[in-house]
2 protein chains.
Amino acid sequence: MVFEGSAGPMTGIRQLAQHLDISIGTVSRALNGKADVNAETRRRVLEAAEQLGYVANQSGRSLRQGTANAIGLMIESSPEVVDNSDNFFLGVVEGLQSVLSHHKLDLVLLPCPVEEDPHAYLKRMVARRLVDGMIITATHRVDRRIDLLVKTKIPFITLGRSRATENHTWIDLDFEGAASDAVDRLVAKGHRRIAVAVPLNDINLGYVFLDGYKAALARHGIGFDAELVVRAKSSEQGGYHTGEAILQLEQRPTAVLLIYELMAIGLYRRLGEAGILPGRDIAVVGFREGPQARFLQPALTCFRMSLRDLGVDVAKTLLAGMPAYAHFYPDCDRNMIWPLELVPGESDGFDL
Amino acid sequence: MVFEGSAGPMTGIRQLAQHLDISIGTVSRALNGKADVNAETRRRVLEAAEQLGYVANQSGRSLRQGTANAIGLMIESSPEVVDNSDNFFLGVVEGLQSVLSHHKLDLVLLPCPVEEDPHAYLKRMVARRLVDGMIITATHRVDRRIDLLVKTKIPFITLGRSRATENHTWIDLDFEGAASDAVDRLVAKGHRRIAVAVPLNDINLGYVFLDGYKAALARHGIGFDAELVVRAKSSEQGGYHTGEAILQLEQRPTAVLLIYELMAIGLYRRLGEAGILPGRDIAVVGFREGPQARFLQPALTCFRMSLRDLGVDVAKTLLAGMPAYAHFYPDCDRNMIWPLELVPGESDGFDL
DNA sequence: CTGAAAGCGCTTACAG
DNA sequence: CTGAAAGCGCTTACAG
């Protein structure tokens, strides 16, 4: 049933046009900032839109334009992530938005349900076409999501590498450099028996970090001892477990490298229970400097980076790969290794 | 230009229908599980869709059906929230999805950029119609977003009350009960000089918590002393500041109540610096039990709740208010005060 | 500078 | 059980 001449709630651009007594085409052009609109007409349209709270229905726009005017950030709300209260991507979000907003692109976070296969979820989200580009995080060594995104031809960027780095756009933290710097620093202080915590799962950064650690040891002529690699959850609990594992080694390491910011809290706790003080009895190098770690005593030696700046570069790099926005970012590299700056604390502040 | 008979990449349902040599109407009906489709036809359609990776374009569906098949959760990525690594809503997300997925509704998180006015952002998001219902959090005492949502008639629920509770659907934690239980417990141990930390901003829960605290004091015949109310950020830093503020009082309180889970970490640190041990020299009651707090020594007395279950009820209550889904949740209350269970630790484990 | 009209991809009465 | 057709709200060539 159609209420053609009715006074009913005819919604959308048609209502606005009728109210102004002009055509919907002109309304649309005025609203979208097209040049060929009379200044006075445009003023009236913008004023009326503001007053009536009109905003174009996105489905209508998307269908016509073939774009959603939105970028998606997939997040996996795995129990582990939830437990960890990892705010990593929240910090990044702000940087992302600061860039996207210049292009009138909205950011939507797409949380993959725990019960759903991430690959199937991503496939569905992409097929629905509610975003023009995707950002995926926590990439695994072999990550089928990347193949999927390549195949569907949707512009995307991964925050994290995978084994196949040549096929797509990515930005990743310099895990290798961090491991290397940490080992260098510890070796300079006389340490040779350095434990390292790596994630339990197949996440790629674990491999990169471990490789950096091994390479640095080799550089210093120190043999690799598999016993010193502790696999643990990336959480406080994982840090606690790491402490536990270290205490049970026959020959205790004199130093520990952590891969995830919150691990330090659990590690400090477990060591404390055994009467072992970081920076006095054992050297600890944490990972990303975070608000939690700032309250650890003694102060944690860790790595500094700006989540916001990372977000900015992720957004720029993604846009540089999208035809409609590429010309704004002509000199943007497709790949980028994000530097981590070592912040000396007191947790590794002693010489052997 | 139209490529009518071309072999080009004609996308969407039309391509699928052509491939199967049936009409798009039948394809649509088969895919959407309509009853009046031949079983064999349906099988062929589903198989082909699976094989070709076809998923309906959401804009097309939305435009035709007038629904987006998605629920939005607005999150404010204020610097404070980011710093705090508050995982509160991440925990809730899982519960939300477990309900929404039954109805083929997707959850999208809508992060309001820091530079944008939350009211304007919400207005824009609602007007774009990319979600059928909204969840907003961190409600303020006077929250214009609620008026906006009421006016636009979009189904919504707030996670948190505001001053006007009668006009809308909400679920909120029992801040009053928590404050009350904590005071009762502390008074039973002999405390009469109990400090309380409340948020700096206009967030509603601060008012409710403080009211509960005052009412409980009154019940025990203890006068309210404004000096004992510490306004602090809801973060580790805020906890540290709270410790600072308490230490500077002429007459030091014998107990402290916190409103936010991470505050305890900073408070412990500041007290520790002054040689004051929670549970021995001062009583501390934290707020929500979280993974961080679990590593505090001595164990923090705090409140337990299931974020997931909260998410489940938020989703159900929202859906109960949506005509299309109301019949699934006939007995759902429009409002709900979510209980918090006190978990005794050692941080308040001493009698005066 | 403006209006009339086509068409984006889909679902759904309607006719058969 | 299936097909042909209308129309959701919008933008954009096209004509004037």
# chains A, B, ... in the order shown; residues from 1 in each chain; ligands from 1
$ residues_around --residues "Arg163 (chain B)" --least-positions-apart "6" --cutoff "8 Å" --atoms "only C-alpha atoms (C1' of nucleotides)" --output "PyMOL selection string"
chain B and resi 141-142+204
$ interface_residues --of "chain B" --to "chain C" --cutoff "9 Å" --atoms "only C-alpha atoms (C1' of nucleotides)" --output "list in words"
Gly12, Ile13, Arg14, Gly25, Ser28, Arg29, Ala56, Asn57, Gln58, Ser59, Gly60, Arg61, Ser62, Leu63, Arg64 and Gln65 of chain B
$ write_last_selection --atoms "N, CA and C atoms" --output "mmCIF file, in the first residue's frame"
data_model
loop_
_atom_site.group_PDB
_atom_site.id
_atom_site.type_symbol
_atom_site.label_atom_id
_atom_site.label_comp_id
_atom_site.auth_asym_id
_atom_site.auth_seq_id
_atom_site.Cartn_x
_atom_site.Cartn_y
_atom_site.Cartn_z
ATOM 1 N N GLY B 12 26.307 -10.648 -7.686
ATOM 2 C CA GLY B 12 25.077 -10.696 -6.913
ATOM 3 C C GLY B 12 24.130 -11.817 -7.277
ATOM 4 N N ILE B 13 22.923 -11.628 -6.809
ATOM 5 C CA ILE B 13 21.926 -12.675 -6.924
ATOM 6 C C ILE B 13 21.576 -12.969 -8.374
ATOM 7 N N ARG B 14 21.716 -11.968 -9.198
ATOM 8 C CA ARG B 14 21.390 -12.135 -10.618
ATOM 9 C C ARG B 14 22.319 -13.169 -11.253
ATOM 10 N N GLY B 25 13.959 -14.390 -7.880
ATOM 11 C CA GLY B 25 12.965 -14.516 -6.813
ATOM 12 C C GLY B 25 13.067 -15.868 -6.131
ATOM 13 N N SER B 28 16.193 -16.079 -4.062
ATOM 14 C CA SER B 28 16.024 -15.355 -2.813
ATOM 15 C C SER B 28 15.190 -16.154 -1.815
ATOM 16 N N ARG B 29 14.098 -16.700 -2.300
ATOM 17 C CA ARG B 29 13.242 -17.466 -1.396
ATOM 18 C C ARG B 29 13.948 -18.696 -0.839
ATOM 19 N N ALA B 56 24.181 -12.414 0.341
ATOM 20 C CA ALA B 56 23.396 -11.268 -0.116
ATOM 21 C C ALA B 56 24.047 -9.950 0.287
ATOM 22 N N ASN B 57 24.080 -9.028 -0.615
ATOM 23 C CA ASN B 57 24.522 -7.660 -0.343
ATOM 24 C C ASN B 57 23.583 -7.053 0.698
ATOM 25 N N GLN B 58 24.188 -6.613 1.779
ATOM 26 C CA GLN B 58 23.373 -6.143 2.888
ATOM 27 C C GLN B 58 22.598 -4.863 2.551
ATOM 28 N N SER B 59 23.183 -4.031 1.726
ATOM 29 C CA SER B 59 22.495 -2.787 1.375
ATOM 30 C C SER B 59 21.203 -3.083 0.624
ATOM 31 N N GLY B 60 21.285 -4.028 -0.286
ATOM 32 C CA GLY B 60 20.083 -4.414 -1.019
ATOM 33 C C GLY B 60 19.019 -4.933 -0.077
ATOM 34 N N ARG B 61 19.417 -5.819 0.806
ATOM 35 C CA ARG B 61 18.471 -6.381 1.771
ATOM 36 C C ARG B 61 17.879 -5.286 2.643
ATOM 37 N N SER B 62 18.787 -4.476 3.180
ATOM 38 C CA SER B 62 18.347 -3.453 4.116
ATOM 39 C C SER B 62 17.343 -2.516 3.467
ATOM 40 N N LEU B 63 17.662 -2.136 2.250
ATOM 41 C CA LEU B 63 16.818 -1.166 1.571
ATOM 42 C C LEU B 63 15.426 -1.738 1.350
ATOM 43 N N ARG B 64 15.404 -2.979 0.954
ATOM 44 C CA ARG B 64 14.123 -3.610 0.674
ATOM 45 C C ARG B 64 13.359 -3.939 1.961
ATOM 46 N N GLN B 65 14.066 -4.509 2.914
ATOM 47 C CA GLN B 65 13.388 -4.980 4.118
ATOM 48 C C GLN B 65 13.181 -3.889 5.156
#
$ interface_residues --of "chain A" --to "chain B" --cutoff "8 Å" --atoms "only C-alpha atoms" --output "JSON, numbers by chain"
{"A": [53, 54, 55, 56, 57, 58, 59, 60, 62, 63, 77, 82, 83, 84, 85, 86, 87, 88, 90, 91, 93, 94, 97, 98, 107, 108, 109, 110, 111, 113, 114, 124, 127, 128, 129, 130, 236, 265, 266, 269, 291, 292, 295, 296]}
$ write_last_selection --atoms "C-alpha atoms" --output "PDB file, in the first residue's frame"
ATOM      1  CA  GLY A  53      17.832  15.795  11.346  1.00  0.00           C
ATOM      2  CA  TYR A  54      18.051  14.281   7.923  1.00  0.00           C
ATOM      3  CA  VAL A  55      21.026  12.037   7.199  1.00  0.00           C
ATOM      4  CA  ALA A  56      21.056   9.901   4.079  1.00  0.00           C
ATOM      5  CA  ASN A  57      20.093   6.296   4.534  1.00  0.00           C
ATOM      6  CA  GLN A  58      23.347   4.420   4.152  1.00  0.00           C
ATOM      7  CA  SER A  59      21.799   1.443   2.385  1.00  0.00           C
ATOM      8  CA  GLY A  60      20.451   3.693  -0.333  1.00  0.00           C
ATOM      9  CA  SER A  62      25.742   2.160  -0.663  1.00  0.00           C
ATOM     10  CA  LEU A  63      23.540   0.467  -3.175  1.00  0.00           C
ATOM     11  CA  SER A  77      36.918 -11.740  21.193  1.00  0.00           C
ATOM     12  CA  VAL A  82      38.734 -10.890  26.924  1.00  0.00           C
ATOM     13  CA  ASP A  83      40.566 -12.138  29.986  1.00  0.00           C
ATOM     14  CA  ASN A  84      43.566 -10.088  29.138  1.00  0.00           C
ATOM     15  CA  SER A  85      41.669  -6.888  28.812  1.00  0.00           C
ATOM     16  CA  ASP A  86      43.954  -6.117  25.976  1.00  0.00           C
ATOM     17  CA  ASN A  87      43.404  -2.539  25.081  1.00  0.00           C
ATOM     18  CA  PHE A  88      45.791  -2.707  22.229  1.00  0.00           C
ATOM     19  CA  LEU A  90      41.352   0.442  21.432  1.00  0.00           C
ATOM     20  CA  GLY A  91      44.400   2.633  21.350  1.00  0.00           C
ATOM     21  CA  VAL A  93      41.210   2.837  16.974  1.00  0.00           C
ATOM     22  CA  GLU A  94      41.689   6.448  17.818  1.00  0.00           C
ATOM     23  CA  GLN A  97      39.637   7.348  13.105  1.00  0.00           C
ATOM     24  CA  SER A  98      41.707  10.474  13.016  1.00  0.00           C
ATOM     25  CA  LEU A 107      35.149   2.836  11.487  1.00  0.00           C
ATOM     26  CA  VAL A 108      33.127  -0.139  12.612  1.00  0.00           C
ATOM     27  CA  LEU A 109      34.543  -2.827  14.838  1.00  0.00           C
ATOM     28  CA  LEU A 110      33.454  -6.297  13.889  1.00  0.00           C
ATOM     29  CA  PRO A 111      33.841  -8.712  16.771  1.00  0.00           C
ATOM     30  CA  PRO A 113      31.831 -14.413  18.025  1.00  0.00           C
ATOM     31  CA  VAL A 114      33.840 -17.027  19.858  1.00  0.00           C
ATOM     32  CA  ARG A 124      30.305 -13.218   5.626  1.00  0.00           C
ATOM     33  CA  ALA A 127      30.271 -10.487   1.298  1.00  0.00           C
ATOM     34  CA  ARG A 128      27.670  -8.336   2.994  1.00  0.00           C
ATOM     35  CA  ARG A 129      29.596  -5.354   1.727  1.00  0.00           C
ATOM     36  CA  LEU A 130      29.047  -3.182   4.699  1.00  0.00           C
ATOM     37  CA  GLU A 236      48.831 -12.072  33.701  1.00  0.00           C
ATOM     38  CA  ILE A 265      52.298  -8.445  36.422  1.00  0.00           C
ATOM     39  CA  GLY A 266      51.871 -12.179  36.883  1.00  0.00           C
ATOM     40  CA  ARG A 269      53.769 -11.870  41.526  1.00  0.00           C
ATOM     41  CA  PRO A 291      49.631   1.804  32.217  1.00  0.00           C
ATOM     42  CA  GLN A 292      49.630  -1.392  34.236  1.00  0.00           C
ATOM     43  CA  PHE A 295      52.867   0.606  38.562  1.00  0.00           C
ATOM     44  CA  LEU A 296      55.201  -2.287  38.883  1.00  0.00           C
TER      45      LEU A 296
END
$ select_by_dssp --residues "region 46-209 of chain B" --states "alpha helix (DSSP H)" --output "VMD selection string"
chain B and resid 46 to 52 58 to 65 79 to 84 88 to 100 118 to 128 144 to 152 175 to 188 204 to 209
$ select_by_dssp --residues "region 127-183 of chain B" --states "strand (DSSP E or B)" --output "list in words"
Gly133, Met134, Ile135, Ile136, Thr137, His140, Phe156, Ile157, Thr158, Leu159, Trp170, Ile171, Asp172 and Leu173 of chain B
$ closest_residue --among "B:Ala218, B:Ala283, B:Leu300, B:Val37" --to "Ala264 (chain B)" --atoms "only C-alpha atoms"
B:Leu300
$ decode --residues "region 1-15 of chain C" --atoms "N, CA and C atoms (P, O5', C5', C4', C3', O3' and C1' of nucleotides)" --output "PDB file, in the first residue's frame"
ATOM      1  P    DC C   1      25.440  28.210 -10.169  1.00  0.00           P
ATOM      2  O5'  DC C   1      24.103  27.489 -10.614  1.00  0.00           O
ATOM      3  C5'  DC C   1      22.851  28.030 -10.259  1.00  0.00           C
ATOM      4  C4'  DC C   1      21.794  27.157 -10.835  1.00  0.00           C
ATOM      5  C3'  DC C   1      21.363  25.988  -9.941  1.00  0.00           C
ATOM      6  O3'  DC C   1      20.114  26.349  -9.362  1.00  0.00           O
ATOM      7  C1'  DC C   1      21.466  25.401 -12.260  1.00  0.00           C
ATOM      8  P    DT C   2      19.395  25.462  -8.339  1.00  0.00           P
ATOM      9  O5'  DT C   2      18.526  24.506  -9.234  1.00  0.00           O
ATOM     10  C5'  DT C   2      17.385  25.015  -9.912  1.00  0.00           C
ATOM     11  C4'  DT C   2      16.783  23.899 -10.730  1.00  0.00           C
ATOM     12  C3'  DT C   2      16.341  22.688  -9.913  1.00  0.00           C
ATOM     13  O3'  DT C   2      14.933  22.665  -9.905  1.00  0.00           O
ATOM     14  C1'  DT C   2      17.479  22.072 -11.932  1.00  0.00           C
ATOM     15  P    DG C   3      14.125  21.514  -9.110  1.00  0.00           P
ATOM     16  O5'  DG C   3      13.793  20.535 -10.321  1.00  0.00           O
ATOM     17  C5'  DG C   3      13.176  21.067 -11.479  1.00  0.00           C
ATOM     18  C4'  DG C   3      12.876  19.950 -12.452  1.00  0.00           C
ATOM     19  C3'  DG C   3      12.234  18.710 -11.815  1.00  0.00           C
ATOM     20  O3'  DG C   3      11.289  18.204 -12.741  1.00  0.00           O
ATOM     21  C1'  DG C   3      14.292  18.112 -12.834  1.00  0.00           C
ATOM     22  P    DA C   4      10.284  17.059 -12.325  1.00  0.00           P
ATOM     23  O5'  DA C   4      10.647  15.940 -13.401  1.00  0.00           O
ATOM     24  C5'  DA C   4      11.143  16.309 -14.670  1.00  0.00           C
ATOM     25  C4'  DA C   4      11.456  15.060 -15.474  1.00  0.00           C
ATOM     26  C3'  DA C   4      10.721  13.797 -15.027  1.00  0.00           C
ATOM     27  O3'  DA C   4      10.672  12.925 -16.138  1.00  0.00           O
ATOM     28  C1'  DA C   4      12.987  13.566 -14.513  1.00  0.00           C
ATOM     29  P    DA C   5      10.057  11.450 -15.973  1.00  0.00           P
ATOM     30  O5'  DA C   5      11.369  10.546 -15.951  1.00  0.00           O
ATOM     31  C5'  DA C   5      12.339  10.704 -16.976  1.00  0.00           C
ATOM     32  C4'  DA C   5      13.425   9.656 -16.815  1.00  0.00           C
ATOM     33  C3'  DA C   5      12.925   8.285 -16.348  1.00  0.00           C
ATOM     34  O3'  DA C   5      13.779   7.315 -16.920  1.00  0.00           O
ATOM     35  C1'  DA C   5      14.451   9.080 -14.793  1.00  0.00           C
ATOM     36  P    DA C   6      13.324   5.841 -17.099  1.00  0.00           P
ATOM     37  O5'  DA C   6      14.719   5.069 -17.028  1.00  0.00           O
ATOM     38  C5'  DA C   6      15.897   5.710 -17.520  1.00  0.00           C
ATOM     39  C4'  DA C   6      17.088   5.212 -16.734  1.00  0.00           C
ATOM     40  C3'  DA C   6      17.000   3.733 -16.336  1.00  0.00           C
ATOM     41  O3'  DA C   6      18.254   3.146 -16.591  1.00  0.00           O
ATOM     42  C1'  DA C   6      17.368   5.063 -14.417  1.00  0.00           C
ATOM     43  P    DG C   7      18.378   1.572 -16.711  1.00  0.00           P
ATOM     44  O5'  DG C   7      19.092   1.235 -15.339  1.00  0.00           O
ATOM     45  C5'  DG C   7      20.282   1.925 -14.967  1.00  0.00           C
ATOM     46  C4'  DG C   7      20.536   1.615 -13.521  1.00  0.00           C
ATOM     47  C3'  DG C   7      20.170   0.172 -13.125  1.00  0.00           C
ATOM     48  O3'  DG C   7      21.212  -0.340 -12.338  1.00  0.00           O
ATOM     49  C1'  DG C   7      19.175   1.687 -11.676  1.00  0.00           C
ATOM     50  P    DC C   8      21.594  -1.842 -12.342  1.00  0.00           P
ATOM     51  O5'  DC C   8      22.456  -1.984 -11.024  1.00  0.00           O
ATOM     52  C5'  DC C   8      23.590  -1.153 -10.768  1.00  0.00           C
ATOM     53  C4'  DC C   8      23.690  -0.932  -9.283  1.00  0.00           C
ATOM     54  C3'  DC C   8      23.284  -2.149  -8.466  1.00  0.00           C
ATOM     55  O3'  DC C   8      24.452  -2.925  -8.204  1.00  0.00           O
ATOM     56  C1'  DC C   8      22.306  -0.120  -7.589  1.00  0.00           C
ATOM     57  P    DG C   9      24.491  -4.447  -8.550  1.00  0.00           P
ATOM     58  O5'  DG C   9      23.657  -5.087  -7.354  1.00  0.00           O
ATOM     59  C5'  DG C   9      24.115  -4.928  -6.029  1.00  0.00           C
ATOM     60  C4'  DG C   9      23.088  -5.542  -5.112  1.00  0.00           C
ATOM     61  C3'  DG C   9      22.686  -6.968  -5.486  1.00  0.00           C
ATOM     62  O3'  DG C   9      22.782  -7.763  -4.322  1.00  0.00           O
ATOM     63  C1'  DG C   9      20.771  -5.611  -5.263  1.00  0.00           C
ATOM     64  P    DC C  10      22.374  -9.258  -4.266  1.00  0.00           P
ATOM     65  O5'  DC C  10      20.900  -9.155  -3.678  1.00  0.00           O
ATOM     66  C5'  DC C  10      20.748  -8.915  -2.305  1.00  0.00           C
ATOM     67  C4'  DC C  10      19.381  -8.335  -2.018  1.00  0.00           C
ATOM     68  C3'  DC C  10      18.247  -9.345  -1.931  1.00  0.00           C
ATOM     69  O3'  DC C  10      18.226  -9.831  -0.588  1.00  0.00           O
ATOM     70  C1'  DC C  10      17.587  -7.289  -2.981  1.00  0.00           C
ATOM     71  P    DT C  11      17.349 -11.098  -0.232  1.00  0.00           P
ATOM     72  O5'  DT C  11      15.878 -10.467  -0.182  1.00  0.00           O
ATOM     73  C5'  DT C  11      15.574  -9.558   0.855  1.00  0.00           C
ATOM     74  C4'  DT C  11      14.134  -9.129   0.729  1.00  0.00           C
ATOM     75  C3'  DT C  11      13.090 -10.220   0.974  1.00  0.00           C
ATOM     76  O3'  DT C  11      12.071  -9.584   1.722  1.00  0.00           O
ATOM     77  C1'  DT C  11      12.729  -9.265  -1.152  1.00  0.00           C
ATOM     78  P    DT C  12      11.005 -10.428   2.532  1.00  0.00           P
ATOM     79  O5'  DT C  12       9.691 -10.149   1.670  1.00  0.00           O
ATOM     80  C5'  DT C  12       9.331  -8.809   1.415  1.00  0.00           C
ATOM     81  C4'  DT C  12       8.222  -8.797   0.399  1.00  0.00           C
ATOM     82  C3'  DT C  12       7.205  -9.928   0.555  1.00  0.00           C
ATOM     83  O3'  DT C  12       5.925  -9.363   0.344  1.00  0.00           O
ATOM     84  C1'  DT C  12       8.003  -9.912  -1.636  1.00  0.00           C
ATOM     85  P    DA C  13       4.783  -9.648   1.379  1.00  0.00           P
ATOM     86  O5'  DA C  13       3.644 -10.381   0.526  1.00  0.00           O
ATOM     87  C5'  DA C  13       2.411  -9.785   0.424  1.00  0.00           C
ATOM     88  C4'  DA C  13       2.305  -8.890  -0.796  1.00  0.00           C
ATOM     89  C3'  DA C  13       1.156  -9.307  -1.708  1.00  0.00           C
ATOM     90  O3'  DA C  13       0.516  -8.152  -2.220  1.00  0.00           O
ATOM     91  C1'  DA C  13       3.223  -9.468  -2.879  1.00  0.00           C
ATOM     92  P    DC C  14      -0.985  -8.435  -2.754  1.00  0.00           P
ATOM     93  O5'  DC C  14      -0.703  -9.056  -4.192  1.00  0.00           O
ATOM     94  C5'  DC C  14      -0.150  -8.236  -5.232  1.00  0.00           C
ATOM     95  C4'  DC C  14       0.056  -9.108  -6.449  1.00  0.00           C
ATOM     96  C3'  DC C  14      -1.105 -10.076  -6.721  1.00  0.00           C
ATOM     97  O3'  DC C  14      -1.727  -9.695  -7.927  1.00  0.00           O
ATOM     98  C1'  DC C  14       1.020 -11.110  -6.997  1.00  0.00           C
ATOM     99  P    DA C  15      -3.025 -10.504  -8.381  1.00  0.00           P
ATOM    100  O5'  DA C  15      -2.434 -11.328  -9.614  1.00  0.00           O
ATOM    101  C5'  DA C  15      -1.454 -10.731 -10.449  1.00  0.00           C
ATOM    102  C4'  DA C  15      -0.922 -11.774 -11.418  1.00  0.00           C
ATOM    103  C3'  DA C  15      -1.985 -12.740 -11.948  1.00  0.00           C
ATOM    104  O3'  DA C  15      -1.724 -12.961 -13.325  1.00  0.00           O
ATOM    105  C1'  DA C  15      -0.277 -13.965 -10.870  1.00  0.00           C
TER     106       DA C  15
END
